[in-house]
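First comes the structure, then the notes that go with it.
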Amino acid sequence: MTSSYPSSSYRTLASFSRIQLLYFLQQRGTMTVGDLAEATGLHHNTAREHLQRLIGDGFVTCRPERKESKGRPRMLYSAAAGPDYADGSIRAAKAEAAERHGDQVRRMLRVEAVIHSPLQRQLDALDDHLDGSGFDARLEIDGAEGDHVHLHECPYSEMVKAHPEVCRVHFGLLKSLLEATEGPLSADALHPLVEPNTCVLDLHRSDAEPTPDVQPQSAIICHGVSGL
(Lines give C-alpha, C1' and ligand atoms only; values in the text may rest on other atoms or scores of the structure.)
Protein backbone atom coordinates (compact mmCIF):
# COMPACT_ATOMS: atom_id res chain seq x y z
CA MET A 1 0.00 0.00 0.00
CA THR A 2 1.30 3.47 -0.85
CA SER A 3 1.50 5.89 2.07
CA SER A 4 -0.60 9.03 1.81
CA TYR A 5 1.87 10.86 4.08
CA PRO A 6 1.91 13.75 4.70
CA SER A 7 -1.69 13.77 5.87
CA SER A 8 -3.51 15.16 8.86
CA SER A 9 -3.78 12.64 11.65
CA TYR A 10 -6.37 14.96 13.16
CA ARG A 11 -8.89 14.19 10.43
CA THR A 12 -8.42 10.48 11.06
CA LEU A 13 -8.64 10.68 14.85
CA ALA A 14 -11.52 13.17 14.94
CA SER A 15 -13.93 10.32 14.14
CA PHE A 16 -15.26 8.60 17.26
CA SER A 17 -15.94 5.47 15.22
CA ARG A 18 -12.24 5.21 14.42
CA ILE A 19 -11.34 5.97 18.04
CA GLN A 20 -13.63 3.09 19.07
CA LEU A 21 -11.87 0.71 16.69
CA LEU A 22 -8.48 1.76 18.05
CA TYR A 23 -9.70 1.41 21.61
CA PHE A 24 -10.81 -2.20 21.17
CA LEU A 25 -7.65 -3.12 19.25
CA GLN A 26 -5.48 -1.60 21.99
CA GLN A 27 -7.43 -3.32 24.75
CA ARG A 28 -8.15 -6.72 23.20
CA GLY A 29 -5.31 -7.23 20.73
CA THR A 30 -5.73 -8.74 17.27
CA MET A 31 -9.33 -8.86 15.99
CA THR A 32 -11.23 -9.56 12.78
CA VAL A 33 -13.52 -7.02 11.14
CA GLY A 34 -16.46 -9.11 12.37
CA ASP A 35 -15.18 -8.92 15.95
CA LEU A 36 -14.74 -5.17 15.65
CA ALA A 37 -18.14 -4.62 14.05
CA GLU A 38 -19.80 -6.51 16.91
CA ALA A 39 -17.81 -4.63 19.57
CA THR A 40 -18.50 -1.18 18.14
CA GLY A 41 -21.95 -1.70 16.66
CA LEU A 42 -20.72 -0.59 13.25
CA HIS A 43 -21.75 -2.27 10.01
CA HIS A 44 -19.03 -4.58 8.64
CA ASN A 45 -18.48 -2.39 5.57
CA THR A 46 -18.35 0.78 7.66
CA ALA A 47 -15.84 -0.78 10.06
CA ARG A 48 -13.73 -1.94 7.13
CA GLU A 49 -13.67 1.58 5.63
CA HIS A 50 -12.62 3.11 8.93
CA LEU A 51 -9.91 0.47 9.36
CA GLN A 52 -8.48 1.28 5.93
CA ARG A 53 -8.21 4.92 6.99
CA LEU A 54 -6.41 3.92 10.20
CA ILE A 55 -4.07 1.65 8.24
CA GLY A 56 -3.34 4.49 5.81
CA ASP A 57 -2.18 6.69 8.69
CA GLY A 58 -0.08 3.94 10.28
CA PHE A 59 -2.23 3.47 13.39
CA VAL A 60 -3.38 -0.06 12.54
CA THR A 61 -1.73 -3.04 10.83
CA CYS A 62 -3.40 -5.85 8.91
CA ARG A 63 -2.36 -9.36 7.89
CA PRO A 64 -4.16 -12.43 6.52
CA GLU A 65 -4.95 -15.24 8.93
CA ARG A 66 -2.80 -18.33 8.50
CA LYS A 67 -4.91 -21.35 7.73
CA GLU A 68 -4.37 -24.84 6.37
CA SER A 69 -7.76 -25.22 4.71
CA LYS A 70 -8.74 -23.76 1.37
CA GLY A 71 -10.69 -20.58 1.05
CA ARG A 72 -10.07 -16.91 1.49
CA PRO A 73 -8.36 -16.17 4.82
CA ARG A 74 -9.80 -13.66 7.21
CA MET A 75 -7.91 -10.41 7.71
CA LEU A 76 -6.55 -9.82 11.19
CA TYR A 77 -6.24 -6.25 12.50
CA SER A 78 -3.97 -5.00 15.27
CA ALA A 79 -3.05 -1.66 16.79
CA ALA A 80 0.35 -0.70 15.42
CA ALA A 81 3.05 -1.39 18.01
CA GLY A 82 6.82 -1.69 18.22
CA PRO A 83 9.40 -1.00 15.53
CA ASP A 84 8.38 -1.71 11.94
CA TYR A 85 11.17 -2.54 9.49
CA ALA A 86 8.94 -3.82 6.69
CA ASP A 87 9.41 -2.38 3.21
CA GLY A 88 6.91 0.39 2.60
CA SER A 89 6.16 0.82 6.31
CA ILE A 90 3.96 3.89 6.78
CA ARG A 91 5.14 4.42 10.34
CA ALA A 92 8.80 4.27 9.31
CA ALA A 93 8.13 6.71 6.44
CA LYS A 94 6.43 9.14 8.82
CA ALA A 95 9.33 8.98 11.31
CA GLU A 96 11.87 9.59 8.54
CA ALA A 97 9.84 12.51 7.16
CA ALA A 98 9.55 14.02 10.66
CA GLU A 99 13.33 13.78 11.12
CA ARG A 100 13.98 15.43 7.75
CA HIS A 101 11.55 18.22 8.59
CA GLY A 102 13.21 18.74 11.96
CA ASP A 103 16.62 18.96 10.30
CA GLN A 104 15.35 21.52 7.78
CA VAL A 105 13.90 23.74 10.49
CA ARG A 106 17.05 23.53 12.60
CA ARG A 107 19.13 24.54 9.57
CA MET A 108 16.85 27.52 8.86
CA LEU A 109 17.22 28.59 12.48
CA ARG A 110 21.00 28.26 12.09
CA VAL A 111 21.43 25.64 14.76
CA GLU A 112 25.16 24.97 14.57
CA ALA A 113 24.92 21.22 14.24
CA VAL A 114 22.11 18.98 13.11
CA ILE A 115 22.08 16.30 15.77
CA HIS A 116 21.27 12.75 14.78
CA SER A 117 20.54 10.67 17.86
CA PRO A 118 17.83 8.28 19.06
CA LEU A 119 16.53 10.97 21.42
CA GLN A 120 16.36 13.58 18.68
CA ARG A 121 14.59 11.14 16.36
CA GLN A 122 11.98 10.47 19.03
CA LEU A 123 11.44 14.17 19.69
CA ASP A 124 10.99 14.88 15.99
CA ALA A 125 8.47 12.04 15.65
CA LEU A 126 6.60 13.14 18.78
CA ASP A 127 6.45 16.73 17.59
CA ASP A 128 5.22 15.69 14.15
CA HIS A 129 2.49 13.43 15.58
CA LEU A 130 1.20 16.01 18.05
CA ASP A 131 1.23 18.76 15.46
CA GLY A 132 -0.57 16.59 12.91
CA SER A 133 -3.10 15.50 15.54
CA GLY A 134 -4.04 19.09 16.31
CA PHE A 135 -2.45 19.53 19.74
CA ASP A 136 -0.84 22.72 21.01
CA ALA A 137 1.96 21.06 22.95
CA ARG A 138 5.07 22.12 24.85
CA LEU A 139 7.86 19.77 25.80
CA GLU A 140 9.84 20.05 29.03
CA ILE A 141 13.02 17.97 28.93
CA ASP A 142 15.32 17.82 31.95
CA GLY A 143 12.80 19.70 34.04
CA ALA A 144 13.06 19.75 37.82
CA GLU A 145 10.36 17.08 38.04
CA GLY A 146 11.37 15.00 35.02
CA ASP A 147 10.37 15.07 31.37
CA HIS A 148 6.82 16.07 30.42
CA VAL A 149 4.68 17.17 27.50
CA HIS A 150 1.99 19.74 28.28
CA LEU A 151 -0.93 19.38 25.88
CA HIS A 152 -3.02 22.54 25.59
CA GLU A 153 -6.26 23.28 23.72
CA CYS A 154 -7.16 19.63 23.11
CA PRO A 155 -9.02 19.43 19.77
CA TYR A 156 -10.88 16.35 21.03
CA SER A 157 -12.17 17.90 24.26
CA GLU A 158 -15.84 17.72 23.30
CA MET A 159 -15.48 14.05 22.38
CA VAL A 160 -13.65 13.38 25.67
CA LYS A 161 -16.54 14.79 27.72
CA ALA A 162 -18.83 12.05 26.45
CA HIS A 163 -16.18 9.36 25.95
CA PRO A 164 -13.25 9.48 28.43
CA GLU A 165 -11.69 6.44 26.74
CA VAL A 166 -10.52 8.80 23.99
CA CYS A 167 -7.64 9.86 26.26
CA ARG A 168 -6.59 6.23 26.73
CA VAL A 169 -6.47 5.76 22.97
CA HIS A 170 -4.27 8.82 22.50
CA PHE A 171 -1.96 7.65 25.27
CA GLY A 172 -1.69 4.27 23.54
CA LEU A 173 -0.75 6.00 20.27
CA LEU A 174 1.95 8.07 21.96
CA LYS A 175 3.31 5.02 23.76
CA SER A 176 3.48 3.05 20.50
CA LEU A 177 5.11 5.97 18.68
CA LEU A 178 7.97 6.22 21.15
CA GLU A 179 8.45 2.44 21.13
CA ALA A 180 8.55 2.40 17.34
CA THR A 181 11.23 5.09 17.13
CA GLU A 182 13.53 3.16 19.49
CA GLY A 183 15.11 5.75 21.75
CA PRO A 184 15.54 6.45 25.46
CA LEU A 185 12.08 7.99 25.93
CA SER A 186 8.92 6.07 26.77
CA ALA A 187 5.42 7.26 27.65
CA ASP A 188 4.88 6.73 31.37
CA ALA A 189 1.45 8.20 32.13
CA LEU A 190 -1.13 10.63 30.81
CA HIS A 191 -2.91 12.98 33.23
CA PRO A 192 -6.08 14.35 31.59
CA LEU A 193 -7.25 17.86 32.40
CA VAL A 194 -4.85 18.66 35.25
CA GLU A 195 -5.72 22.28 34.42
CA PRO A 196 -8.59 23.67 32.33
CA ASN A 197 -8.17 22.18 28.86
CA THR A 198 -4.63 21.01 29.63
CA CYS A 199 -3.29 17.46 29.94
CA VAL A 200 0.21 16.32 30.88
CA LEU A 201 2.12 13.37 29.43
CA ASP A 202 4.86 11.99 31.70
CA LEU A 203 7.92 10.68 29.89
CA HIS A 204 10.48 8.23 31.22
CA ARG A 205 14.06 8.41 30.01
CA SER A 206 16.10 5.23 30.25
CA ASP A 207 19.59 5.23 31.76
CA ALA A 208 21.11 3.37 28.83
CA GLU A 209 24.77 4.13 28.33
CA PRO A 210 25.66 6.10 25.16
CA THR A 211 27.24 4.19 22.30
CA PRO A 212 31.05 3.94 22.72
CA ASP A 213 33.09 6.68 20.96
CA VAL A 214 29.98 8.82 20.50
CA GLN A 215 29.81 12.04 22.50
CA PRO A 216 26.42 12.63 24.16
CA GLN A 217 24.50 15.55 22.64
CA SER A 218 21.69 17.70 23.96
CA ALA A 219 18.43 17.29 22.10
CA ILE A 220 17.20 20.22 20.07
CA ILE A 221 13.69 20.66 18.80
CA CYS A 222 12.80 24.04 17.39
CA HIS A 223 9.38 23.64 15.86
CA GLY A 224 5.88 22.80 16.98
CA VAL A 225 6.28 21.22 20.38
CA SER A 226 9.07 23.31 21.82
CA GLY A 227 12.22 25.31 21.45
CA LEU A 228 15.02 24.09 23.68
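Letters A, B, ... mark the chains of the C-alpha coordinates in the order given; residue numbers begin at 1 per chain; ligand numbers begin at 1, in order shown.
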Thr30 in chain A: which residues within 8 Å, counting only C-alpha atoms, same-chain residues fewer than 4 positions away excluded, as a VMD selection string?
chain A and resid 25 76 to 79
Generate a file of the selected residues that holds N, CA, C and O atoms, formatted as a short mmCIF file (atom, residue, chain, number, x, y, z; two decimals), in the first residue's frame.
```cif
data_model
loop_
_atom_site.label_atom_id
_atom_site.label_comp_id
_atom_site.auth_asym_id
_atom_site.auth_seq_id
_atom_site.Cartn_x
_atom_site.Cartn_y
_atom_site.Cartn_z
N LEU A 25 -8.88 -2.46 19.69
CA LEU A 25 -7.65 -3.12 19.25
C LEU A 25 -6.55 -2.97 20.30
O LEU A 25 -5.78 -3.90 20.54
N LEU A 76 -6.72 -10.06 9.77
CA LEU A 76 -6.55 -9.82 11.19
C LEU A 76 -5.99 -8.42 11.40
O LEU A 76 -4.96 -8.06 10.81
N TYR A 77 -6.62 -7.64 12.27
CA TYR A 77 -6.24 -6.25 12.50
C TYR A 77 -5.65 -6.10 13.90
O TYR A 77 -6.11 -6.72 14.85
N SER A 78 -4.62 -5.27 13.99
CA SER A 78 -3.97 -5.00 15.27
C SER A 78 -3.61 -3.53 15.36
O SER A 78 -3.37 -2.87 14.34
N ALA A 79 -3.57 -3.01 16.58
CA ALA A 79 -3.05 -1.66 16.79
C ALA A 79 -1.55 -1.69 16.52
O ALA A 79 -0.85 -2.60 16.97
#
```
Determine, for each residue of range 168-188 of chain A having at least one atom at most 9 Å from an atom of range 199-208 of chain A, the closest pair of atoms and their separation in Å to one decimal, counting only C-alpha atoms; order by chain and ascending number, as JSON lines.
```
{"residue": "A:Phe171", "atom": "CA", "partner": "A:Leu201", "partner_atom": "CA", "distance": 8.2}
{"residue": "A:Gly183", "atom": "CA", "partner": "A:Ser206", "partner_atom": "CA", "distance": 8.6}
{"residue": "A:Pro184", "atom": "CA", "partner": "A:Ser206", "partner_atom": "CA", "distance": 5.0}
{"residue": "A:Leu185", "atom": "CA", "partner": "A:Arg205", "partner_atom": "CA", "distance": 4.6}
{"residue": "A:Ser186", "atom": "CA", "partner": "A:His204", "partner_atom": "CA", "distance": 5.2}
{"residue": "A:Ala187", "atom": "CA", "partner": "A:Leu203", "partner_atom": "CA", "distance": 4.8}
{"residue": "A:Asp188", "atom": "CA", "partner": "A:Leu203", "partner_atom": "CA", "distance": 5.2}
```
Compile the contact shell of Pro73 in chain A as a list of chain:residue names: residues with an atom at most 12 Å away, counting only C-alpha atoms, same-chain residues fewer than 4 positions apart removed.
A:Thr32, A:Arg63, A:Pro64, A:Glu65, A:Arg66, A:Lys67, A:Glu68, A:Ser69
Name the closest residue to Glu153 in chain A among the candidates A:Thr198, A:Gln122, A:Ser117, A:Ser133; distances are taken between atoms, counting only C-alpha atoms.
A:Thr198
Extract, using only C-alpha atoms, all DNA, RNA and protein residues at most 12 Å from Gln52 in chain A, discarding same-chain residues fewer than 3 positions from it, and format them as a list in words.
Met1, Ser3, Ser4, Thr12, Arg18, Leu21, Val33, Asn45, Thr46, Ala47, Arg48, Glu49, Ile55, Gly56, Asp57, Gly58, Phe59, Val60, Thr61, Cys62, Met75 and Tyr77 of chain A
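Picture a line from CA of Leu51 in chain A to CA of Asp124 in chain A; it runs 26.2 Å.
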Out of A:Lys175, A:Arg168, A:Arg28, A:His148, which residue has the shortest atom-to-atom distance to Pro192 in chain A when counting only C-alpha atoms?
A:Arg168
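Of the residues listed (A:Leu36, A:Leu130, A:Met159, A:Ala97), A:Leu130 shows the shortest atom-to-atom separation from Leu173 in chain A; distances use only C-alpha atoms.
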So which bits of range 118-209 of chain A end up strand (DSSP E or B) when you DSSP the backbone, as a PyMOL selection string?
chain A and resi 136-143+146-152+185-195+198-205
